[in-house]
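Single-structure report; data block below.
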Amino acid sequence: MSERRTSRRQLTIGVLIGLAVGVGVIYWLGAAGRASTQQAAQQQTSLITLGSLVELVQLVDDDLGAVQPAVERFAAGRGDLAEVRVVDVDARRLVASTVAADLRGEDGEALELPLRLQRKNEDHKVWYDLGQELRAAVTANLDEGRAWKEEILVERDAEGGRRYAAPYTRDDEIAGVVLLTSSAEASAPAPRWALALGVVLGATLLFFLLSLAVGGSLSPRAHGALAVGVAALGLVAYLLLAVGDLDGERLGVESDVAAALDAEGSRFAEVVEALRDAEQAAVPDEPTADEPATDESAAAEPAAGAGEEPAAVAAEPVSALAAWDPAGVDPGRWDVDLFRVPRDVIAADGTIDGVRVDALFADTKNRFRVVFGLFVVLGLVLVAYIGLGYAHRTWRAARAHREAYAYVAPAMIGMLVLVFFPFFYGIALSFTNQTIYNLDEPLYKIWVGFDNYIEILTDVDLVLETEGERQVRYDNFYYTLLFTILWTVSNVTIGVSVGLFLALILNTKGLALRPIYRVLLILPWAVPNYITALIWKGMFHQQFGVINQLLQIVGLDPVAWFDKPTTSFLTVLTTNGWLSFPFMMVVSLGALQSIPADLYEAARVDGASRWQQFRLVTLPSLKPALVPAVILSVVWTFNMFNIIYLVSEGQPGGATEILVTQAYKLAFEQYQYGYSAAYATVIFGILLLYGTWQNRVTKAYEGV
Amino acid sequence: MSRRSGELPHWPMHLFLLLMVVVTIYPILWVFTVAFSGQQNLAFVTLPADPTLVDRLRAIMPWPQNVSAQNFVDLFSDQPFARWLLNSVIVAAATTVVGVFLACTAGYAFSRFKFPGQRAGLMSFLVSQMFPGTLTLIPLYIIIVQWLGLGSNYLGLILVYSTTAIPFCVWMLKGYFDTIPKELEESALMDGASTTTIFFRIILPLAKPAVAVTALFSFMTAWNEFILALTFLDKEEMYTAPVGLRFFVGGFAEQQWGYFAAGSIVAAVPIVVLFMYLQKYLVSGLTAGAVKG
């Protein structure tokens, strides 16, 4: 009976903890999902503002001087816009800015708009580059005929606001860029933990009552199954609730976006009208014109202005501004994604297309479902683990061996956190498109499946043909792989043959000065390899390097070592050969010295020649020492980062890059963390294959 | 090889060995020459416009035109090399202390206790040696620099160096602990000593040579490490010696080969001496490990 009670207690605790973990994680994910949905809504609102601003700029852009007043009027009294700038990339001028600091020179003097962009000014350079980048993106998308590169750039800044950059056109050509920084809006969604708590406690209570009612007649196993069942029920119910919640949230934020769209439309009309009135400045009706809506409440008024005053158009159609027709305002075209493709979610009358919202979020939702599902499984495993007594058993083992575990724990924790976790995290990263720009995004959001692997492994075009010229693509994975193999094989061959040869000589009995030779020949191994690499880099210097001096003594021309793949390969090969033969020499020498002299004696008595002695006595005795040394040296050379990175630096054009240096450059020079992680995982796969193959070969060899 | 059955003549061997010795020590002499030249130049001498053969031969003779220790003086007075050296000492010393402590306790447990997960634990240490550095480098960078903000910080490097050194050290120490007879501890146990006392009073003193060798290896590895340091450190005053030496001659600024050479000598000579003394342990340890793996 007491066992039954223990089992019930264990099971109840299992259900409680398992549910708590499962529900907790789902709750946390749901909250994160809600927060990101709200952020997306904020971003969409900002994009709409940006769209309307771009339209405004295009409207007044005939006159560079007119942009600043228009922008000022647009931004007046708006708390959601921290900074607005308009940069005319064609004219290389800053034509509008709401930031006072922009209009102050280095010595504090006041500057006039439009302001000529200065090459030396870091900010100016950034703006100009952004403009060029956007122009390139738009052109590329036109050429490709699809939404390929983002035409609006978004960046989160340190204070929590976001910076946006969108292009504007003049006569259908990209003329410049509108830069907008939104204010930080830290509105975390309200926590909804009551439901989560309710599910956990409710399901636990349900199980406890069920267990009291029928538990006595159940076998322990059936009892466990009941626990898992109840827990599963609770988790799945909560999961469905959470997903539904998220759906509701999405529709909710879309209505916020719709409201913003509406408000932005009426604001736009007001601003334009005010500007137009100001243009016809001779007429003193400024008071009405000078009062653009100054706060949210005014903006929230229905778009009455949009259709009301078509009469004003009657003025002479000199400027685009004067010819402007309020009926032509269609805020719907401001509601675009980052490719400037309309989202088509909100109809003209402000209703939201639910199907379209679903379609937009389908991808994210599926990803959410998968992650949710994984955590449901985790919760159930926990229920089973604790409920069926494994937790108890683990606890008992831990107590019985607590001294041993205490001794192992520090090292084990360190290894888990800084070796095993990074390893698995790296593999997880390889399935994402993480770059330096989306480091804050959770992995499931940037999950791309096997895309990176497909990109790496299916790109088999080694040769690029442009205008009749054939060029090897040095950044191709297979080229680098072949080069790495060539690099490894030639290095190990050189290392083994030179090392073995020297060892055989040094093993000669009665050779004078043996210990001195030995010490001198080991030196290269002792020198730290980054120093070796840099020394050789200096010696291969084209103008002052001693190697070229030596060539000139022999009567040859100096060589530009790093300009051709073959000569560049020679430099790294020489460097690595220099530092790697001593290891093989020491290993071989040790093995040679342990061969008993009687073996040679016996061979001589049998009339074996010197070569036969070498082949039948020396080589077989060397094998046990040489084989592991060769295995090690293959792996070392394969991974010999420092030599390539420091001597040839992959020159020319990545031709002498090996896999590990290529992976490093992908990550830390091109900042493609996800892609580089996939690259590194492939390298790991290759090493693993090599390891198993090597193991099998060695075993088969030993078996004979 | 000749087929004669008598002794081979020694002089061709000496010739070959001498040639190899020249190849081996030339780069080392080169560093000393550049270091003691007193200038930042790669060339040993300035060649005349129309150099004769003698001039050219002089240009490859590893002896500076004017012997001067100015590079060493400047290295420590004008350049931040002393600081970099200090950084390296701090990081390598702390790595050694932390790494060896972790490895000793773990090695002791693996050698002396029987507990569930023992085999799995040992094997996992071995398997971890197969993880390629490049694969863990990106996550480590994200964890240490982006998440923990320990980029230009001693702690980041110390943590990473000491954990990556653990498996090798654990295997080495466990192997040595296994050779210490158990009877010693058993009698101590009889006398009522705790395992902690046994560990500190009996095992560690007996294993002093192995602990010393392990410590020296950890120190050397941390001292010579380049990639992680290059990746983590972005403040110049936090550079370790390897990153600093690269800084002299890499990159786009004027290359200062004299400082590099002088700095290399300062950073490498102690390590080379240590290595020459230790290499026999290294060979046996490495090959033994490879055979087991």
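Here, A, B, ... name the chains of the structure tokens in the order displayed, residue numbers run from 1 inside each chain, and ligands are numbered from 1 in the same displayed order.
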
Contact set, chain A to chain B: 6 Å, only C-alpha atoms, as a PyMOL selection string: chain A and resi 404+407-408+411+414-415+422-423+426+526-527+544+546+610+628+677+680

Can you pull out the residues contacting region 548-550 of chain A? Cut-off 9 Å, using only C-alpha atoms, and skip same-chain residues under 2 positions away; I want them as a tab-separated table (two decimals) with C-alpha atoms, in the first residue's frame.
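Wrote selection01.tsv, looks like this:
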chain	number	residue	atom	x	y	z
A	539	MET	CA	61.25	35.87	-46.24
A	540	PHE	CA	58.93	35.50	-49.23
A	541	HIS	CA	58.49	39.25	-49.51
A	542	GLN	CA	58.66	40.18	-53.17
A	543	GLN	CA	61.02	43.12	-52.88
A	544	PHE	CA	63.06	42.60	-49.72
A	545	GLY	CA	62.57	38.92	-48.97
A	546	VAL	CA	65.72	36.82	-48.77
A	552	GLN	CA	68.79	36.65	-58.00
A	553	ILE	CA	72.15	35.21	-56.99
A	554	VAL	CA	71.39	32.15	-59.06
A	555	GLY	CA	70.46	34.47	-61.89
A	556	LEU	CA	66.68	34.16	-61.77
A	557	ASP	CA	64.15	36.95	-61.68
A	558	PRO	CA	62.43	37.77	-58.40
A	559	VAL	CA	59.05	36.11	-58.07
A	560	ALA	CA	55.82	37.74	-56.92
B	56	ARG	CA	73.90	40.01	-53.17
B	57	LEU	CA	75.62	37.36	-51.10
B	59	ALA	CA	72.16	40.50	-48.63
B	60	ILE	CA	71.35	36.96	-47.61

Which residues are close to Val253 (chain A), i.e. within 9 Å by only C-alpha atoms, leaving aside same-chain residues fewer than 6 positions away? Reply as an mmCIF file with C-alpha atoms, in the first residue's frame.
data_model
loop_
_atom_site.group_PDB
_atom_site.id
_atom_site.type_symbol
_atom_site.label_atom_id
_atom_site.label_comp_id
_atom_site.auth_asym_id
_atom_site.auth_seq_id
_atom_site.Cartn_x
_atom_site.Cartn_y
_atom_site.Cartn_z
ATOM 1 C CA THR A 37 3.989 40.444 -33.487
ATOM 2 C CA GLN A 38 3.654 43.799 -31.781
ATOM 3 C CA ALA A 40 6.094 43.787 -36.455
ATOM 4 C CA ALA A 41 2.997 45.968 -36.145
ATOM 5 C CA GLN A 42 5.102 48.894 -34.953
#

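Going from CA of Ser580 (chain A) over to CA of Thr532 (chain A), you cover 11.1 Å.
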
For Ile352 (chain A), list every protein, DNA or RNA residue within 8 Å, evaluated using only C-alpha atoms, and leave out those in the same chain fewer than 5 positions away; present the list as a tab-separated table (two decimals) with C-alpha atoms, in the first residue's frame.
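selection.tsv, freshly written:
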chain	number	residue	atom	x	y	z
A	251	LEU	CA	-5.63	40.12	-36.27
A	254	GLU	CA	-3.59	44.34	-38.06
A	255	SER	CA	-6.51	46.49	-36.99
A	258	ALA	CA	-5.36	49.69	-40.40
A	345	VAL	CA	-4.05	43.04	-46.12
A	346	ILE	CA	-6.16	46.10	-45.51
A	347	ALA	CA	-8.92	47.01	-47.94

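Distance annotation: of B:Glu254, B:Leu233, B:Val266, B:Val67, the residue with the minimal separation from Leu150 (chain B) is B:Leu233; atom set is only C-alpha atoms.
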
8 Å contact set for region 633-636 of chain A, only C-alpha atoms, chain neighbours under 4 positions out, as an MDAnalysis selection string: chainID A and resid 488:489 492 629 640 687

Any chance you could export the current selection's N, CA and C atoms as a PDB file, in the first residue's frame?
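Heads up, here's the output in part_24.pdb:
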ATOM      1  N   THR A 488      46.992  18.735 -47.761  1.00  0.00           N
ATOM      2  CA  THR A 488      47.232  17.763 -46.698  1.00  0.00           C
ATOM      3  C   THR A 488      48.161  16.662 -47.180  1.00  0.00           C
ATOM      4  N   VAL A 489      47.837  16.117 -48.360  1.00  0.00           N
ATOM      5  CA  VAL A 489      48.629  14.991 -48.857  1.00  0.00           C
ATOM      6  C   VAL A 489      50.074  15.413 -49.084  1.00  0.00           C
ATOM      7  N   VAL A 492      51.877  15.989 -45.668  1.00  0.00           N
ATOM      8  CA  VAL A 492      52.170  14.785 -44.897  1.00  0.00           C
ATOM      9  C   VAL A 492      53.249  13.967 -45.596  1.00  0.00           C
ATOM     10  N   ALA A 629      51.076   8.561 -35.777  1.00  0.00           N
ATOM     11  CA  ALA A 629      51.670   9.872 -36.056  1.00  0.00           C
ATOM     12  C   ALA A 629      51.144  10.428 -37.374  1.00  0.00           C
ATOM     13  N   MET A 640      45.294  23.110 -40.373  1.00  0.00           N
ATOM     14  CA  MET A 640      46.390  24.049 -40.095  1.00  0.00           C
ATOM     15  C   MET A 640      45.993  25.462 -40.497  1.00  0.00           C
ATOM     16  N   LEU A 687      35.882  15.143 -41.647  1.00  0.00           N
ATOM     17  CA  LEU A 687      36.837  14.596 -40.678  1.00  0.00           C
ATOM     18  C   LEU A 687      36.311  13.305 -40.059  1.00  0.00           C
TER      19      LEU A 687
END

Filtered DSSP result for region 28-260 of chain A, state helix (DSSP H, G or I), as a PyMOL selection string: chain A and resi 28-60+64-75+100-103+122-144+193-217+220-260

Selection to disk with C-alpha atoms, as a CSV table (one decimal), in the first residue's frame:
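So out_15.csv came out as:
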chain,number,residue,atom,x,y,z
A,28,TRP,CA,7.4,32.0,-22.8
A,29,LEU,CA,7.3,31.3,-26.5
A,30,GLY,CA,3.8,32.6,-26.8
A,31,ALA,CA,4.9,35.8,-25.1
A,32,ALA,CA,7.9,36.1,-27.3
A,33,GLY,CA,5.6,35.6,-30.3
A,34,ARG,CA,3.2,38.2,-29.1
A,35,ALA,CA,6.0,40.6,-28.5
A,36,SER,CA,7.4,40.1,-32.0
A,37,THR,CA,4.0,40.4,-33.5
A,38,GLN,CA,3.7,43.8,-31.8
A,39,GLN,CA,7.1,44.8,-33.0
A,40,ALA,CA,6.1,43.8,-36.5
A,41,ALA,CA,3.0,46.0,-36.1
A,42,GLN,CA,5.1,48.9,-35.0
A,43,GLN,CA,7.4,48.4,-37.8
A,44,GLN,CA,4.5,48.2,-40.3
A,45,THR,CA,3.2,51.5,-38.9
A,46,SER,CA,6.6,53.1,-39.4
A,47,LEU,CA,6.7,51.7,-42.9
A,48,ILE,CA,3.4,53.3,-43.6
A,49,THR,CA,4.7,56.6,-42.3
A,50,LEU,CA,7.8,56.2,-44.4
A,51,GLY,CA,5.6,55.5,-47.5
A,52,SER,CA,3.6,58.6,-47.0
A,53,LEU,CA,6.8,60.6,-46.3
A,54,VAL,CA,8.3,59.3,-49.5
A,55,GLU,CA,5.3,60.3,-51.5
A,56,LEU,CA,5.4,63.8,-49.9
A,57,VAL,CA,9.1,64.2,-50.8
A,58,GLN,CA,8.4,63.1,-54.4
A,59,LEU,CA,5.6,65.6,-54.6
A,60,VAL,CA,7.7,68.6,-53.6
A,64,LEU,CA,15.4,70.9,-53.6
A,65,GLY,CA,14.8,73.9,-51.3
A,66,ALA,CA,11.1,72.9,-50.8
A,67,VAL,CA,11.8,69.5,-49.2
A,68,GLN,CA,12.9,70.8,-45.9
A,69,PRO,CA,9.8,72.8,-45.1
A,70,ALA,CA,7.7,69.9,-46.3
A,71,VAL,CA,9.5,67.5,-44.0
A,72,GLU,CA,9.4,69.9,-41.1
A,73,ARG,CA,5.7,70.3,-41.5
A,74,PHE,CA,5.3,66.5,-41.8
A,75,ALA,CA,7.3,65.8,-38.6
A,100,ALA,CA,19.8,70.1,-35.4
A,101,ALA,CA,23.2,68.6,-35.2
A,102,ASP,CA,23.3,67.9,-38.9
A,103,LEU,CA,23.2,71.6,-39.6
A,122,GLU,CA,31.3,59.5,-41.5
A,123,ASP,CA,27.5,60.1,-41.3
A,124,HIS,CA,27.4,61.6,-44.8
A,125,LYS,CA,29.3,58.6,-46.1
A,126,VAL,CA,26.8,56.2,-44.4
A,127,TRP,CA,23.8,58.0,-46.0
A,128,TYR,CA,25.3,58.1,-49.4
A,129,ASP,CA,26.3,54.4,-49.2
A,130,LEU,CA,22.7,53.5,-48.1
A,131,GLY,CA,21.4,55.4,-51.1
A,132,GLN,CA,23.7,53.5,-53.5
A,133,GLU,CA,22.8,50.2,-51.8
A,134,LEU,CA,19.1,50.8,-52.2
A,135,ARG,CA,19.5,51.9,-55.8
A,136,ALA,CA,21.5,48.7,-56.5
A,137,ALA,CA,18.8,46.6,-54.8
A,138,VAL,CA,16.0,48.2,-56.8
A,139,THR,CA,17.9,47.7,-60.0
A,140,ALA,CA,18.7,44.1,-59.1
A,141,ASN,CA,15.1,43.4,-58.4
A,142,LEU,CA,14.0,44.9,-61.7
A,143,ASP,CA,16.6,42.8,-63.5
A,144,GLU,CA,15.7,39.7,-61.7
A,193,TRP,CA,0.0,33.9,-16.7
A,194,ALA,CA,-3.2,33.2,-15.0
A,195,LEU,CA,-4.3,30.8,-17.7
A,196,ALA,CA,-1.0,29.1,-17.7
A,197,LEU,CA,-1.1,28.6,-13.9
A,198,GLY,CA,-4.7,27.4,-14.2
A,199,VAL,CA,-3.8,24.8,-16.7
A,200,VAL,CA,-0.9,23.4,-14.6
A,201,LEU,CA,-2.8,23.3,-11.4
A,202,GLY,CA,-6.1,22.2,-12.9
A,203,ALA,CA,-4.5,19.2,-14.8
A,204,THR,CA,-2.5,18.2,-11.7
A,205,LEU,CA,-5.6,18.3,-9.5
A,206,LEU,CA,-7.5,16.4,-12.2
A,207,PHE,CA,-4.9,13.7,-12.2
A,208,PHE,CA,-4.7,13.5,-8.4
A,209,LEU,CA,-8.5,13.1,-8.1
A,210,LEU,CA,-8.6,10.5,-10.9
A,211,SER,CA,-5.7,8.7,-9.2
A,212,LEU,CA,-7.6,8.7,-5.9
A,213,ALA,CA,-10.7,7.5,-7.6
A,214,VAL,CA,-9.4,4.7,-9.8
A,215,GLY,CA,-5.7,4.5,-9.0
A,216,GLY,CA,-6.0,1.7,-6.5
A,217,SER,CA,-7.2,-0.7,-9.1
A,220,PRO,CA,1.8,0.9,-11.8
A,221,ARG,CA,2.3,1.1,-15.5
A,222,ALA,CA,-1.3,1.9,-16.3
A,223,HIS,CA,-1.2,4.5,-13.5
A,224,GLY,CA,1.9,6.0,-15.2
A,225,ALA,CA,0.1,6.0,-18.6
A,226,LEU,CA,-2.8,7.8,-16.9
A,227,ALA,CA,-0.4,10.5,-15.7
A,228,VAL,CA,1.1,10.9,-19.1
A,229,GLY,CA,-2.3,11.1,-20.7
A,230,VAL,CA,-3.6,13.8,-18.3
A,231,ALA,CA,-0.4,15.8,-18.8
A,232,ALA,CA,-0.6,15.4,-22.6
A,233,LEU,CA,-4.2,16.6,-22.4
A,234,GLY,CA,-3.3,19.7,-20.4
A,235,LEU,CA,-0.3,20.5,-22.6
A,236,VAL,CA,-2.2,20.1,-25.9
A,237,ALA,CA,-5.1,22.1,-24.6
A,238,TYR,CA,-2.8,24.9,-23.5
A,239,LEU,CA,-0.9,24.7,-26.8
A,240,LEU,CA,-4.1,25.2,-28.8
A,241,LEU,CA,-5.1,28.1,-26.6
A,242,ALA,CA,-1.7,29.7,-27.0
A,243,VAL,CA,-1.7,29.3,-30.8
A,244,GLY,CA,-5.2,30.7,-31.0
A,245,ASP,CA,-4.2,33.6,-28.7
A,246,LEU,CA,-1.4,34.4,-31.1
A,247,ASP,CA,-3.8,34.3,-34.1
A,248,GLY,CA,-6.1,36.7,-32.3
A,249,GLU,CA,-3.1,38.9,-31.5
A,250,ARG,CA,-2.2,39.1,-35.1
A,251,LEU,CA,-5.6,40.1,-36.3
A,252,GLY,CA,-5.6,42.6,-33.4
A,253,VAL,CA,-2.4,44.3,-34.5
A,254,GLU,CA,-3.6,44.3,-38.1
A,255,SER,CA,-6.5,46.5,-37.0
A,256,ASP,CA,-4.0,48.8,-35.3
A,257,VAL,CA,-2.1,48.9,-38.6
A,258,ALA,CA,-5.4,49.7,-40.4
A,259,ALA,CA,-6.1,52.5,-38.0
A,260,ALA,CA,-2.6,53.9,-38.5

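Closest to Pro64 (chain B) among B:Pro51, B:Gly151, B:Pro205, B:Gly38 is B:Gly38, based on only C-alpha atoms.
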
Contacts of Arg514 (chain A) at 12 Å (only C-alpha atoms; same-chain gap of 2+ positions) as number ranges by chain: A: 502-512, 516-521, 589; B: 10, 13-14, 17-18

Keeping only N, CA and C atoms, write the selected residues to a file as a tab-separated table (two decimals), in the first residue's frame.
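out.tsv written:
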chain	number	residue	atom	x	y	z
A	502	LEU	N	65.67	11.62	-42.27
A	502	LEU	CA	66.58	12.18	-41.27
A	502	LEU	C	66.75	11.24	-40.09
A	503	ALA	N	65.64	10.60	-39.69
A	503	ALA	CA	65.71	9.69	-38.55
A	503	ALA	C	66.63	8.52	-38.87
A	504	LEU	N	66.52	8.00	-40.09
A	504	LEU	CA	67.38	6.87	-40.48
A	504	LEU	C	68.84	7.28	-40.41
A	505	ILE	N	69.13	8.51	-40.90
A	505	ILE	CA	70.52	8.95	-40.85
A	505	ILE	C	70.98	9.12	-39.41
A	506	LEU	N	70.12	9.78	-38.62
A	506	LEU	CA	70.51	10.05	-37.23
A	506	LEU	C	70.63	8.77	-36.42
A	507	ASN	N	70.04	7.70	-36.91
A	507	ASN	CA	70.10	6.44	-36.17
A	507	ASN	C	71.38	5.65	-36.49
A	508	THR	N	72.18	6.20	-37.40
A	508	THR	CA	73.42	5.50	-37.75
A	508	THR	C	74.34	5.44	-36.54
A	509	LYS	N	74.82	4.25	-36.28
A	509	LYS	CA	75.69	4.09	-35.12
A	509	LYS	C	77.02	4.78	-35.34
A	510	GLY	N	77.51	5.44	-34.31
A	510	GLY	CA	78.84	6.01	-34.39
A	510	GLY	C	78.93	7.30	-35.17
A	511	LEU	N	77.77	7.83	-35.60
A	511	LEU	CA	77.79	9.10	-36.32
A	511	LEU	C	78.16	10.22	-35.35
A	512	ALA	N	79.15	11.04	-35.75
A	512	ALA	CA	79.59	12.10	-34.85
A	512	ALA	C	78.53	13.18	-34.73
A	516	ILE	N	73.77	16.94	-31.26
A	516	ILE	CA	73.69	18.34	-31.69
A	516	ILE	C	72.78	18.48	-32.89
A	517	TYR	N	72.95	17.58	-33.87
A	517	TYR	CA	72.04	17.60	-35.02
A	517	TYR	C	70.60	17.47	-34.55
A	518	ARG	N	70.40	16.54	-33.65
A	518	ARG	CA	69.04	16.24	-33.23
A	518	ARG	C	68.38	17.49	-32.64
A	519	VAL	N	69.07	18.14	-31.73
A	519	VAL	CA	68.51	19.34	-31.10
A	519	VAL	C	68.24	20.42	-32.14
A	520	LEU	N	69.19	20.64	-33.03
A	520	LEU	CA	69.02	21.70	-34.02
A	520	LEU	C	67.85	21.40	-34.95
A	521	LEU	N	67.70	20.12	-35.29
A	521	LEU	CA	66.64	19.77	-36.25
A	521	LEU	C	65.25	19.78	-35.62
A	589	LEU	N	62.53	8.38	-35.00
A	589	LEU	CA	63.78	8.12	-34.32
A	589	LEU	C	63.53	7.29	-33.05
B	10	HIS	N	80.32	8.09	-43.77
B	10	HIS	CA	79.58	9.08	-43.01
B	10	HIS	C	79.47	10.45	-43.66
B	13	MET	N	76.28	11.72	-45.24
B	13	MET	CA	75.26	11.95	-44.20
B	13	MET	C	75.48	13.31	-43.55
B	14	HIS	N	76.74	13.58	-43.20
B	14	HIS	CA	77.03	14.88	-42.58
B	14	HIS	C	76.67	16.02	-43.52
B	17	LEU	N	72.91	16.34	-43.48
B	17	LEU	CA	72.47	16.88	-42.19
B	17	LEU	C	72.82	18.36	-42.08
B	18	LEU	N	74.01	18.71	-42.54
B	18	LEU	CA	74.42	20.11	-42.47
B	18	LEU	C	73.48	20.98	-43.31

Give me the residues within 9 Å of Ile658 (chain A) as a tab-separated table (two decimals) with N, CA and C atoms, in the first residue's frame, counting only C-alpha atoms and dropping any in the same chain fewer than 6 places off.
chain	number	residue	atom	x	y	z
A	480	THR	N	37.93	24.35	-52.94
A	480	THR	CA	38.64	24.45	-51.66
A	480	THR	C	38.91	23.06	-51.08
A	481	LEU	N	37.92	22.17	-51.23
A	481	LEU	CA	38.11	20.81	-50.73
A	481	LEU	C	39.28	20.13	-51.45
A	482	LEU	N	39.28	20.24	-52.78
A	482	LEU	CA	40.37	19.62	-53.54
A	482	LEU	C	41.71	20.23	-53.12
A	483	PHE	N	41.72	21.55	-52.97
A	483	PHE	CA	42.96	22.21	-52.58
A	483	PHE	C	43.40	21.74	-51.19
A	484	THR	N	42.43	21.57	-50.29
A	484	THR	CA	42.76	21.12	-48.94
A	484	THR	C	43.36	19.72	-48.96
A	485	ILE	N	42.78	18.88	-49.81
A	485	ILE	CA	43.31	17.52	-49.90
A	485	ILE	C	44.74	17.53	-50.45
A	487	TRP	N	46.82	19.95	-50.31
A	487	TRP	CA	47.63	20.56	-49.25
A	487	TRP	C	47.99	19.52	-48.19
A	638	PHE	N	45.25	19.23	-42.07
A	638	PHE	CA	43.91	19.55	-42.58
A	638	PHE	C	43.39	20.80	-41.89
A	639	ASN	N	43.66	20.91	-40.59
A	639	ASN	CA	43.16	22.04	-39.80
A	639	ASN	C	44.21	23.12	-39.59
A	640	MET	N	45.29	23.11	-40.37
A	640	MET	CA	46.39	24.05	-40.09
A	640	MET	C	45.99	25.46	-40.50
A	641	PHE	N	45.31	26.12	-39.59
A	641	PHE	CA	44.76	27.44	-39.87
A	641	PHE	C	45.84	28.50	-40.00
A	644	ILE	N	48.11	29.04	-43.38
A	644	ILE	CA	47.41	29.61	-44.52
A	644	ILE	C	46.97	31.04	-44.21
A	650	GLY	N	45.35	33.20	-48.29
A	650	GLY	CA	44.40	32.78	-49.31
A	650	GLY	C	44.67	33.37	-50.68

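When CA of Gly24 (chain A) is paired with CA of Arg156 (chain A), their separation reads 28.6 Å.
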
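Here CA of Ala667 (chain A) and CA of Thr681 (chain A) stand 13.0 Å from one another.
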